[in-house]
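Novice: See structure.txt below, with compact mmCIF, C-alpha atoms.
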```
# COMPACT_ATOMS: atom_id res chain seq x y z
CA MET E 597 60.25 9.83 64.44
CA ASN E 598 57.66 8.25 62.18
CA ASN E 599 55.20 11.10 61.78
CA TRP E 600 55.07 13.11 58.59
CA ARG E 601 56.23 16.32 60.24
CA VAL E 602 59.53 14.77 61.28
CA ARG E 603 60.06 13.41 57.78
CA LEU E 604 59.04 16.44 55.74
CA LEU E 605 59.65 19.49 57.93
CA PRO E 606 63.48 19.32 57.92
CA ALA E 607 63.61 19.08 54.12
CA ALA E 608 61.14 21.96 53.74
CA LEU E 609 63.07 24.12 56.19
CA ALA E 610 66.32 23.30 54.42
CA ILE E 611 64.93 24.37 51.05
CA VAL E 612 63.55 27.60 52.54
CA PHE E 613 66.90 28.31 54.18
CA SER E 614 68.69 27.70 50.86
CA VAL E 615 66.33 30.06 49.04
CA VAL E 616 66.92 32.75 51.66
CA LEU E 617 70.69 32.32 51.43
CA CYS E 618 70.70 32.44 47.64
CA SER E 619 68.40 35.47 47.74
CA ALA E 620 71.00 37.22 49.85
CA VAL E 621 73.68 36.26 47.33
CA LEU E 622 71.49 37.58 44.50
CA LEU E 623 70.99 40.87 46.32
CA ILE E 624 74.73 41.23 46.81
CA SER E 625 75.29 40.56 43.10
CA GLY E 626 72.71 43.22 42.20
CA ALA E 627 69.94 40.89 40.95
CA ASN E 628 66.28 40.81 41.99
CA PRO E 629 65.74 37.59 44.01
CA ILE E 630 61.97 37.45 43.51
CA ALA E 631 62.18 38.03 39.77
CA THR E 632 64.94 35.45 39.47
CA LEU E 633 63.04 32.76 41.38
CA LEU E 634 59.88 33.46 39.38
CA GLU E 635 61.86 33.14 36.16
CA MET E 636 63.24 29.79 37.31
CA ILE E 637 59.70 28.54 37.96
CA ALA E 638 58.30 29.99 34.74
CA GLN E 639 60.85 28.14 32.60
CA VAL E 640 59.15 24.82 33.37
CA GLY E 641 56.17 25.74 31.20
CA ARG E 642 58.24 26.75 28.21
CA GLY E 643 59.07 24.53 25.27
CA MET E 644 60.47 21.14 26.18
CA THR E 645 61.91 22.15 29.54
CA ALA E 646 59.50 20.05 31.62
CA VAL E 647 60.21 16.88 29.63
CA ASN E 648 63.94 17.56 29.71
CA ILE E 649 63.74 17.87 33.48
CA VAL E 650 62.04 14.47 33.73
CA ASN E 651 64.53 12.85 31.34
CA THR E 652 67.53 14.09 33.30
CA ALA E 653 65.84 13.25 36.59
CA GLY E 654 65.54 9.62 35.44
CA ALA E 655 69.32 9.29 35.20
CA TYR E 656 69.78 11.17 38.47
CA TYR E 657 67.33 8.82 40.16
CA LEU E 658 69.27 5.73 39.10
CA VAL E 659 72.64 7.01 40.33
CA ALA E 660 71.01 8.19 43.57
CA ILE E 661 69.48 4.75 44.18
CA ALA E 662 72.93 3.27 43.55
CA ALA E 663 74.35 5.60 46.20
CA ALA E 664 71.49 4.82 48.61
CA ILE E 665 72.21 1.09 48.46
CA GLY E 666 75.71 1.83 49.73
CA PHE E 667 74.46 4.29 52.33
CA GLN E 668 72.23 1.58 53.79
CA MET E 669 75.45 -0.26 54.68
CA ASN E 670 77.34 2.92 55.62
CA LEU E 671 79.39 2.45 52.44
CA LEU E 672 80.36 5.50 50.39
CA ASN E 673 80.45 4.45 46.74
CA ILE E 674 82.14 7.49 45.23
CA GLY E 675 82.91 5.41 42.14
CA ILE E 676 79.39 5.79 40.73
CA GLU E 677 80.74 8.39 38.32
CA GLY E 678 83.09 5.90 36.71
CA GLN E 679 80.63 3.01 36.93
CA TYR E 680 77.82 4.72 35.03
CA ARG E 681 80.11 6.07 32.31
CA LEU E 682 82.00 2.81 31.84
CA GLY E 683 78.76 0.84 31.89
CA ALA E 684 77.29 3.08 29.22
CA CYS E 685 80.45 2.85 27.10
CA VAL E 686 80.74 -0.96 27.15
CA ALA E 687 77.00 -1.39 26.64
CA ALA E 688 77.08 0.94 23.63
CA ILE E 689 80.05 -0.93 22.13
CA VAL E 690 78.30 -4.29 22.48
CA GLY E 691 74.99 -2.83 21.30
CA GLY E 692 76.61 -1.46 18.15
CA ALA E 693 78.41 -4.72 17.40
CA VAL E 694 75.53 -7.20 17.59
CA SER E 695 72.25 -7.60 15.75
CA LEU E 696 69.32 -9.12 17.61
CA PRO E 697 65.53 -8.97 17.43
CA PHE E 698 63.81 -5.85 18.74
CA GLY E 699 63.43 -5.93 22.50
CA LEU E 700 66.04 -8.63 23.03
CA HIS E 701 68.71 -6.33 21.63
CA ALA E 702 67.89 -3.52 24.08
CA ALA E 703 67.61 -6.00 26.95
CA LEU E 704 71.11 -7.28 26.22
CA ILE E 705 72.47 -3.72 26.26
CA VAL E 706 70.88 -3.05 29.65
CA VAL E 707 72.29 -6.31 31.05
CA ILE E 708 75.77 -5.50 29.73
CA GLY E 709 75.64 -2.06 31.36
CA ALA E 710 74.57 -3.54 34.69
CA VAL E 711 77.22 -6.28 34.62
CA THR E 712 79.95 -3.81 33.69
CA GLY E 713 79.01 -1.45 36.51
CA ALA E 714 78.84 -4.34 38.99
CA LEU E 715 82.23 -5.73 37.97
CA TRP E 716 83.91 -2.31 38.14
CA CYS E 717 82.43 -1.68 41.58
CA GLY E 718 83.28 -5.25 42.54
CA ILE E 719 86.98 -4.40 42.40
CA ALA E 720 86.52 -1.96 45.28
CA ALA E 721 84.34 -4.50 47.11
CA VAL E 722 87.01 -7.21 46.90
CA LEU E 723 89.69 -4.80 48.10
CA LYS E 724 87.56 -3.80 51.08
CA VAL E 725 86.48 -7.31 52.08
CA TYR E 726 89.79 -9.13 51.65
CA ARG E 727 92.35 -6.36 52.13
CA GLY E 728 90.53 -3.81 54.28
CA VAL E 729 91.01 -1.02 51.73
CA SER E 730 88.60 1.88 52.26
CA GLU E 731 85.96 1.95 49.52
CA VAL E 732 86.33 5.73 49.43
CA ILE E 733 89.97 5.54 48.34
CA SER E 734 89.54 2.62 45.95
CA THR E 735 86.48 4.03 44.19
CA ILE E 736 88.15 7.43 43.74
CA MET E 737 91.10 5.69 42.11
CA LEU E 738 88.77 3.59 39.95
CA ASN E 739 87.07 6.77 38.76
CA THR E 740 90.40 8.00 37.44
CA LEU E 741 91.20 4.65 35.86
CA SER E 742 87.80 4.57 34.16
CA ILE E 743 88.61 7.81 32.30
CA GLY E 744 91.62 6.24 30.63
CA LEU E 745 89.85 2.94 30.01
CA ILE E 746 86.88 4.66 28.37
CA ALA E 747 89.20 6.68 26.14
CA PHE E 748 90.97 3.48 25.10
CA LEU E 749 87.72 1.63 24.39
CA VAL E 750 86.27 4.47 22.32
CA ALA E 751 89.51 4.84 20.35
CA THR E 752 89.73 1.08 19.74
CA PHE E 753 86.11 0.22 18.96
CA GLY E 754 84.75 3.61 17.95
CA GLU E 755 84.81 5.77 14.85
CA MET E 756 85.18 9.44 13.96
CA ARG E 757 82.01 11.31 13.01
CA GLY E 758 82.85 14.89 12.21
CA ASN E 759 84.85 16.29 15.11
CA THR E 760 83.57 13.74 17.62
CA GLN E 761 84.73 10.21 18.26
CA GLY E 762 82.15 7.70 19.42
CA THR E 763 81.08 4.09 19.32
CA VAL E 764 79.33 2.45 16.37
CA PRO E 765 75.65 3.56 16.38
CA ILE E 766 73.18 1.07 17.81
CA ALA E 767 70.80 -0.40 15.23
CA PRO E 768 67.09 0.46 15.46
CA SER E 769 66.41 -3.01 16.90
CA GLY E 770 68.41 -2.03 19.99
CA GLN E 771 66.87 1.39 20.47
CA VAL E 772 64.11 2.14 22.97
CA PRO E 773 61.37 4.38 21.51
CA GLY E 774 60.55 7.50 23.44
CA ILE E 775 57.13 8.57 24.63
CA PRO E 776 56.01 11.48 22.41
CA LEU E 777 54.26 14.31 24.23
CA GLY E 778 53.57 16.60 21.31
CA GLY E 779 55.12 20.05 21.51
CA ALA E 780 56.40 19.32 25.02
CA GLY E 781 59.00 16.92 23.59
CA THR E 782 59.67 13.21 23.91
CA MET E 783 60.23 11.45 27.20
CA PHE E 784 62.89 8.75 27.22
CA GLY E 785 61.40 5.27 27.15
CA LEU E 786 63.89 4.08 29.76
CA VAL E 787 62.59 6.59 32.28
CA LEU E 788 60.25 3.72 33.10
CA LEU E 789 63.36 1.73 34.05
CA SER E 790 63.97 4.29 36.79
CA VAL E 791 60.47 3.69 38.10
CA ALA E 792 61.00 -0.07 38.08
CA VAL E 793 64.34 0.27 39.90
CA GLY E 794 62.72 2.53 42.50
CA VAL E 795 59.96 0.00 43.16
CA GLY E 796 62.50 -2.82 43.34
CA TYR E 797 64.65 -0.83 45.76
CA ALA E 798 61.66 -0.12 48.02
CA VAL E 799 60.66 -3.79 48.10
CA LEU E 800 64.24 -4.97 48.61
CA VAL E 801 64.99 -2.65 51.52
CA ASP E 802 61.64 -2.66 53.33
CA ARG E 803 60.05 -6.02 52.49
CA THR E 804 62.79 -8.62 52.36
CA ARG E 805 65.07 -10.36 54.81
CA TYR E 806 68.06 -9.19 52.82
CA GLY E 807 66.92 -5.58 53.20
CA PHE E 808 66.58 -6.02 56.95
CA GLN E 809 70.09 -7.47 57.14
CA LEU E 810 71.36 -4.62 54.98
CA ARG E 811 69.90 -1.97 57.27
CA ALA E 812 70.91 -3.83 60.41
CA SER E 813 74.50 -4.11 59.21
CA GLY E 814 74.56 -0.40 58.49
CA LEU E 815 73.09 0.58 61.86
CA SER E 816 75.22 -1.74 63.98
CA PRO E 817 77.70 -4.15 62.34
CA THR E 818 78.51 -5.71 65.71
CA ALA E 819 74.89 -6.46 66.51
CA ALA E 820 74.29 -7.77 63.00
CA LEU E 821 77.31 -10.08 63.29
CA ALA E 822 76.02 -11.36 66.64
CA GLY E 823 72.72 -12.09 64.89
CA GLY E 824 74.42 -14.28 62.31
CA VAL E 825 74.73 -11.77 59.45
CA ASP E 826 77.85 -12.28 57.32
CA SER E 827 79.30 -8.76 57.06
CA LYS E 828 81.64 -9.65 54.18
CA LYS E 829 78.78 -11.10 52.18
CA MET E 830 76.66 -8.00 52.82
CA ILE E 831 79.45 -5.63 51.76
CA MET E 832 80.08 -7.58 48.56
CA SER E 833 76.43 -7.85 47.61
CA ALA E 834 75.65 -4.21 48.44
CA MET E 835 78.56 -2.94 46.36
CA LEU E 836 77.68 -5.21 43.43
CA ILE E 837 74.04 -4.11 43.45
CA SER E 838 75.08 -0.47 43.72
CA GLY E 839 77.46 -0.84 40.79
CA ALA E 840 74.88 -2.67 38.67
CA ILE E 841 72.31 0.09 39.11
CA ALA E 842 74.94 2.74 38.39
CA GLY E 843 75.94 0.86 35.24
CA VAL E 844 72.53 1.38 33.62
CA ALA E 845 72.13 5.05 34.62
CA GLY E 846 73.54 6.34 31.34
CA LEU E 847 71.49 4.08 29.10
CA PRO E 848 68.27 6.14 28.90
CA GLU E 849 70.14 8.81 26.92
CA ILE E 850 71.98 6.30 24.75
CA LEU E 851 69.05 4.02 23.89
CA SER E 852 66.40 6.73 23.55
CA ARG E 853 68.32 9.66 22.05
CA ASP E 854 72.02 9.41 21.18
CA HIS E 855 72.27 5.71 20.16
CA THR E 856 76.05 5.96 20.62
CA PHE E 857 78.59 6.73 23.34
CA THR E 858 80.81 9.70 22.54
CA ILE E 859 83.74 11.26 24.35
CA ASN E 860 81.36 14.13 25.19
CA PHE E 861 79.04 11.88 27.20
CA PRO E 862 77.66 13.80 30.21
CA THR E 863 79.75 13.81 33.36
CA GLY E 864 78.98 14.65 36.97
CA TYR E 865 75.88 12.49 37.37
CA GLY E 866 77.61 10.16 39.82
CA PHE E 867 78.58 12.90 42.25
CA ALA E 868 75.13 14.47 41.97
CA GLY E 869 73.64 11.08 42.83
CA LEU E 870 75.43 11.07 46.18
CA ALA E 871 73.94 14.45 47.04
CA ILE E 872 70.46 13.46 45.86
CA ALA E 873 70.52 10.29 47.98
CA LEU E 874 71.36 12.42 51.01
CA LEU E 875 68.64 14.89 50.07
CA GLY E 876 66.08 12.10 49.76
CA ARG E 877 67.23 10.40 52.97
CA ASN E 878 67.69 7.10 51.07
CA HIS E 879 63.91 6.81 50.67
CA PRO E 880 62.71 5.97 47.12
CA ILE E 881 60.05 8.70 47.09
CA GLY E 882 62.34 11.25 48.72
CA ILE E 883 65.02 10.46 46.16
CA ALA E 884 62.49 10.95 43.34
CA PHE E 885 61.66 14.45 44.57
CA GLY E 886 65.36 15.14 45.06
CA ALA E 887 66.16 14.03 41.50
CA LEU E 888 63.43 16.23 40.05
CA LEU E 889 64.59 19.20 42.14
CA TRP E 890 68.22 18.70 41.12
CA SER E 891 67.28 18.40 37.46
CA PHE E 892 65.08 21.50 37.72
CA LEU E 893 67.98 23.46 39.18
CA ASP E 894 70.31 22.22 36.44
CA LYS E 895 67.96 23.54 33.76
CA SER E 896 67.60 26.79 35.68
CA SER E 897 71.28 27.57 35.20
CA LEU E 898 70.68 28.09 31.47
CA THR E 899 67.70 30.35 32.16
CA LEU E 900 69.63 32.46 34.66
CA ASP E 901 72.51 32.85 32.25
CA ASN E 902 70.11 34.16 29.61
CA ILE E 903 68.77 36.89 31.90
CA GLY E 904 72.18 38.00 33.08
CA VAL E 905 72.14 36.33 36.49
CA PRO E 906 75.26 34.33 37.48
CA LYS E 907 74.46 30.67 36.85
CA GLU E 908 76.72 29.74 39.77
CA ILE E 909 73.74 30.65 41.96
CA VAL E 910 72.33 27.23 41.07
CA THR E 911 75.44 25.48 42.41
CA ILE E 912 75.17 27.47 45.63
CA LEU E 913 71.51 26.54 45.92
CA GLN E 914 72.20 22.83 45.35
CA GLY E 915 75.00 22.76 47.89
CA THR E 916 73.11 24.64 50.59
CA ILE E 917 70.03 22.44 50.16
CA VAL E 918 72.03 19.25 50.77
CA LEU E 919 74.00 20.72 53.68
CA SER E 920 70.86 22.17 55.23
CA VAL E 921 68.98 18.88 54.95
CA VAL E 922 71.77 16.98 56.72
CA VAL E 923 71.93 19.55 59.52
CA ALA E 924 68.14 19.87 59.82
CA TYR E 925 67.57 16.12 60.11
CA GLU E 926 70.29 15.81 62.74
CA LEU E 927 68.73 18.62 64.79
CA VAL E 928 65.29 17.03 64.50
CA ARG E 929 66.74 13.62 65.41
CA ARG E 930 68.27 15.02 68.57
CA ARG E 931 65.08 16.85 69.48
CA GLU E 932 62.98 13.72 69.00
CA LEU E 933 65.47 11.67 71.00
CA ALA E 934 65.32 14.17 73.85
CA ALA E 935 61.51 14.14 73.75
CA GLU E 936 61.46 10.33 73.78
CA GLN E 937 63.81 10.20 76.76
CA ARG E 938 61.61 12.67 78.63
CA ARG E 939 58.55 10.52 77.90
CA VAL E 940 60.34 7.44 79.17
CA GLY E 941 61.53 9.36 82.22
CA ARG E 942 57.99 10.49 83.04
CA ALA E 943 56.69 6.95 82.57
CA LEU E 944 59.32 5.63 84.99
CA GLY E 945 58.82 8.48 87.42
CA THR E 946 62.19 10.07 86.67
CA GLU E 947 63.31 12.76 84.24
CA ALA E 948 66.08 11.97 81.77
CA PRO E 949 69.10 14.28 82.16
CA ALA E 950 69.34 17.00 79.53
CA ALA E 951 72.93 16.12 78.74
CA ALA E 952 72.01 12.53 77.96
CA ALA E 953 69.11 13.70 75.82
CA THR E 954 71.34 15.68 73.51
CA GLY E 955 74.24 13.27 73.36
CA GLY E 956 72.55 9.88 73.18
CA ASP E 957 73.40 6.85 71.14
CA ARG E 958 73.49 7.66 67.41
CA SER E 959 73.35 4.11 66.15
```
Spell out the structure here as structure tokens.
Specialist:
Amino acid sequence: MNNWRVRLLPAALAIVFSVVLCSAVLLISGANPIATLLEMIAQVGRGMTAVNIVNTAGAYYLVAIAAAIGFQMNLLNIGIEGQYRLGACVAAIVGGAVSLPFGLHAALIVVIGAVTGALWCGIAAVLKVYRGVSEVISTIMLNTLSIGLIAFLVATFGEMRGNTQGTVPIAPSGQVPGIPLGGAGTMFGLVLLSVAVGVGYAVLVDRTRYGFQLRASGLSPTAALAGGVDSKKMIMSAMLISGAIAGVAGLPEILSRDHTFTINFPTGYGFAGLAIALLGRNHPIGIAFGALLWSFLDKSSLTLDNIGVPKEIVTILQGTIVLSVVVAYELVRRRELAAEQRRVGRALGTEAPAAAATGGDRS
């Protein structure tokens, strides 16, 4: 399953299937599917839409990489939503309270965001390792707790500005300049952080012993344990790394645009990151395309609303793409497994049974 057709064909088929399904929904609602899709594509060339797509995709990429780290260990870190918002909140509070030289100030803010996200995720990791609590349950509960904690922190350390309550603005020494692109807008400077994290993730997973142990533990914990891999250590480290990456996901907007954390800080990125990681199959390049696609669809909802098309079409499209990708890859996996068993059967002079070909080991 290493050829490009096996890697790309399922995703392409899933997107085509999603477009067909949404076209049917558009027809039922009385809209023109072709005109709607063309309008979605045309929006990219207007105003600052393209840059906005890239800026949002940078945050999506970080939360998706955080999810992918957990997926490598078969861990479902649903708490990314709380981790990235709490990380951004604490980092903004510290950033607004200190005064440091340019560069060092922003670096401190990024470190604080990462540490906060790691510590918040570490609670779920400790519960799983030492008490056997499912990370799904604990991270869902931590998401709820983070809402109240963020509200308390903003009320305690923040200030009212008009009708919005937020943290003390970060001084210019702690801000990260954007990359001006003329009339197309300004790209967040910390989008480059997303690129660095993606490169680091690729090296970590594919080029290091730790990455091998991470993947081995996810594929077969029993075999990994027999090989001397400490499963508790791997769970703890994977959750801490996942939380640290999630903790910096909200900083591109804060350091390059808002310079403060308000109670209206964007929500939903964490849950989108889980879907994007699935869409990208935990591969750094696949996740990048998934983040750009997700961001493009997000911006399309505004365009569709302006032309009288229900913006909920975008949500349907996003959901069907993820579901279709999961199903398509599983079908391709089974087909490739059956083909491999037939090749082995021919090489041994026997033919592998069809039943075994479709129901083989999934590890």
Novice: Between stretch 618-652 of chain E and stretch 775-782 of chain E, at 8 Å or less, what are the per-residue closest atom pairs and their distances in Å? Count all atoms listed in the file, order by chain and rising residue number, and return it as JSON lines.
Specialist:
```
{"residue": "E:Gly643", "atom": "CA", "partner": "E:Ala780", "partner_atom": "CA", "distance": 5.9}
{"residue": "E:Met644", "atom": "CA", "partner": "E:Ala780", "partner_atom": "CA", "distance": 4.6}
{"residue": "E:Thr645", "atom": "CA", "partner": "E:Ala780", "partner_atom": "CA", "distance": 7.7}
{"residue": "E:Ala646", "atom": "CA", "partner": "E:Ala780", "partner_atom": "CA", "distance": 7.3}
{"residue": "E:Val647", "atom": "CA", "partner": "E:Gly781", "partner_atom": "CA", "distance": 6.2}
{"residue": "E:Asn648", "atom": "CA", "partner": "E:Gly781", "partner_atom": "CA", "distance": 7.9}
```
Novice: How far is it from atom CA of E:Thr911 to atom CA of E:Val621, in Å with one decimal?
Specialist: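 Rounded to one decimal, the two atoms are 12.0 Å apart.
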Novice: For E:Gly785, please output as a ChimeraX atom specification all residues within 7 Å (counting all atoms listed in the file; exclusion window: fewer than 4 positions along the same chain).
Specialist: /E:772-775,852
Novice: Pull C-alpha atoms from the residues just selected and write them as a compact mmCIF listing (two decimals), keeping the file's coordinate frame.
Specialist:
```
# COMPACT_ATOMS: atom_id res chain seq x y z
CA VAL E 772 64.11 2.14 22.97
CA PRO E 773 61.37 4.38 21.51
CA GLY E 774 60.55 7.50 23.44
CA ILE E 775 57.13 8.57 24.63
CA SER E 852 66.40 6.73 23.55
```
Novice: Using only C-alpha atoms, which protein or nucleic acid residues come within 8 Å of E:Thr858? Drop anything in the same chain fewer than 3 positions from it, and give the result as a list of chain:residue names.
Specialist: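 Listed by chain and then number, they are E:Val750, E:Thr760, E:Gln761, E:Gly762, E:Thr763, E:Phe861.
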Novice: Quick one: pull the distance between atom CA of E:Ala834 and atom CA of E:Ile708, Å, one decimal.
Specialist: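 About the pair atom CA of E:Ala834 and atom CA of E:Ile708: they are 18.8 Å apart.
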Novice: When you count all atoms listed in the file, which of these residues is closest to E:Ser827: E:Gln809, E:Ser619, E:Ser891, E:Ser920?
Specialist: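 Ranked by minimum distance to E:Ser827, first place goes to E:Gln809.
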Novice: Which protein, DNA or RNA residues are at most 9 Å from (79.8, -0.7, 53.7) in the file's coordinates when you count all atoms listed in the file, listed as a list in words?
Specialist: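 Looking at atoms near the point gives Gly666, Phe667, Gln668, Met669, Asn670, Leu671, Leu672, Asn673, Ala721, Lys724, Glu731, Ser813, Gly814, Ser827, Met830, Ile831, Met832, Ala834 and Met835 of chain E.
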Novice: Please identify every residue of stretch 625-663 of chain E that has at least one atom no farther than 12 Å from an atom of stretch 876-882 of chain E, counting only C-alpha atoms, and for each give the shortest atom pair and the distance in Å to one decimal, arranged by chain then increasing number, as a Markdown table.
Specialist:
```
| residue | atom | partner | partner_atom | distance |
| --- | --- | --- | --- | --- |
| E:Tyr656 | CA | E:Gly876 | CA | 11.9 |
| E:Tyr657 | CA | E:Pro880 | CA | 8.8 |
| E:Leu658 | CA | E:Pro880 | CA | 10.4 |
| E:Val659 | CA | E:Asn878 | CA | 11.8 |
| E:Ala660 | CA | E:Asn878 | CA | 8.3 |
| E:Ile661 | CA | E:Pro880 | CA | 7.5 |
| E:Ala662 | CA | E:Asn878 | CA | 9.9 |
| E:Ala663 | CA | E:Asn878 | CA | 8.4 |
```
Novice: Could you please fill out stretch 686-707 of chain E with N, CA and C atoms and send it back as a compact mmCIF listing (two decimals), in the coordinates of the input?
Specialist:
```txt
# COMPACT_ATOMS: atom_id res chain seq x y z
N VAL E 686 80.66 0.45 27.53
CA VAL E 686 80.74 -0.96 27.15
C VAL E 686 79.42 -1.43 26.56
N ALA E 687 78.31 -1.00 27.16
CA ALA E 687 77.00 -1.39 26.64
C ALA E 687 76.79 -0.87 25.23
N ALA E 688 77.24 0.37 24.96
CA ALA E 688 77.08 0.94 23.63
C ALA E 688 77.96 0.21 22.61
N ILE E 689 79.16 -0.19 23.04
CA ILE E 689 80.05 -0.93 22.13
C ILE E 689 79.42 -2.28 21.75
N VAL E 690 78.94 -3.00 22.74
CA VAL E 690 78.30 -4.29 22.48
C VAL E 690 77.03 -4.09 21.66
N GLY E 691 76.24 -3.08 22.03
CA GLY E 691 74.99 -2.83 21.30
C GLY E 691 75.21 -2.49 19.84
N GLY E 692 76.32 -1.80 19.53
CA GLY E 692 76.61 -1.46 18.15
C GLY E 692 77.23 -2.59 17.36
N ALA E 693 77.71 -3.62 18.07
CA ALA E 693 78.41 -4.72 17.40
C ALA E 693 77.53 -5.92 17.12
N VAL E 694 76.38 -6.02 17.77
CA VAL E 694 75.53 -7.20 17.59
C VAL E 694 74.23 -6.80 16.89
N SER E 695 73.54 -7.80 16.39
CA SER E 695 72.25 -7.60 15.75
C SER E 695 71.29 -8.66 16.28
N LEU E 696 70.28 -8.22 17.00
CA LEU E 696 69.32 -9.12 17.61
C LEU E 696 67.90 -8.60 17.36
N PRO E 697 66.91 -9.43 17.60
CA PRO E 697 65.53 -8.97 17.43
C PRO E 697 65.21 -7.79 18.36
N PHE E 698 64.23 -7.02 17.95
CA PHE E 698 63.81 -5.85 18.74
C PHE E 698 63.35 -6.31 20.13
N GLY E 699 63.76 -5.58 21.12
CA GLY E 699 63.43 -5.93 22.50
C GLY E 699 64.56 -6.71 23.14
N LEU E 700 64.94 -7.83 22.51
CA LEU E 700 66.04 -8.63 23.03
C LEU E 700 67.36 -7.87 22.93
N HIS E 701 67.50 -7.12 21.84
CA HIS E 701 68.71 -6.33 21.63
C HIS E 701 68.88 -5.30 22.75
N ALA E 702 67.82 -4.55 23.03
CA ALA E 702 67.89 -3.52 24.08
C ALA E 702 68.09 -4.16 25.44
N ALA E 703 67.45 -5.31 25.67
CA ALA E 703 67.61 -6.00 26.95
C ALA E 703 69.05 -6.41 27.18
N LEU E 704 69.71 -6.89 26.12
CA LEU E 704 71.11 -7.28 26.22
C LEU E 704 71.98 -6.07 26.59
N ILE E 705 71.69 -4.94 25.97
CA ILE E 705 72.47 -3.72 26.26
C ILE E 705 72.33 -3.32 27.72
N VAL E 706 71.11 -3.40 28.24
CA VAL E 706 70.88 -3.05 29.65
C VAL E 706 71.64 -4.01 30.57
N VAL E 707 71.59 -5.31 30.23
CA VAL E 707 72.29 -6.31 31.05
C VAL E 707 73.79 -6.07 31.02
```
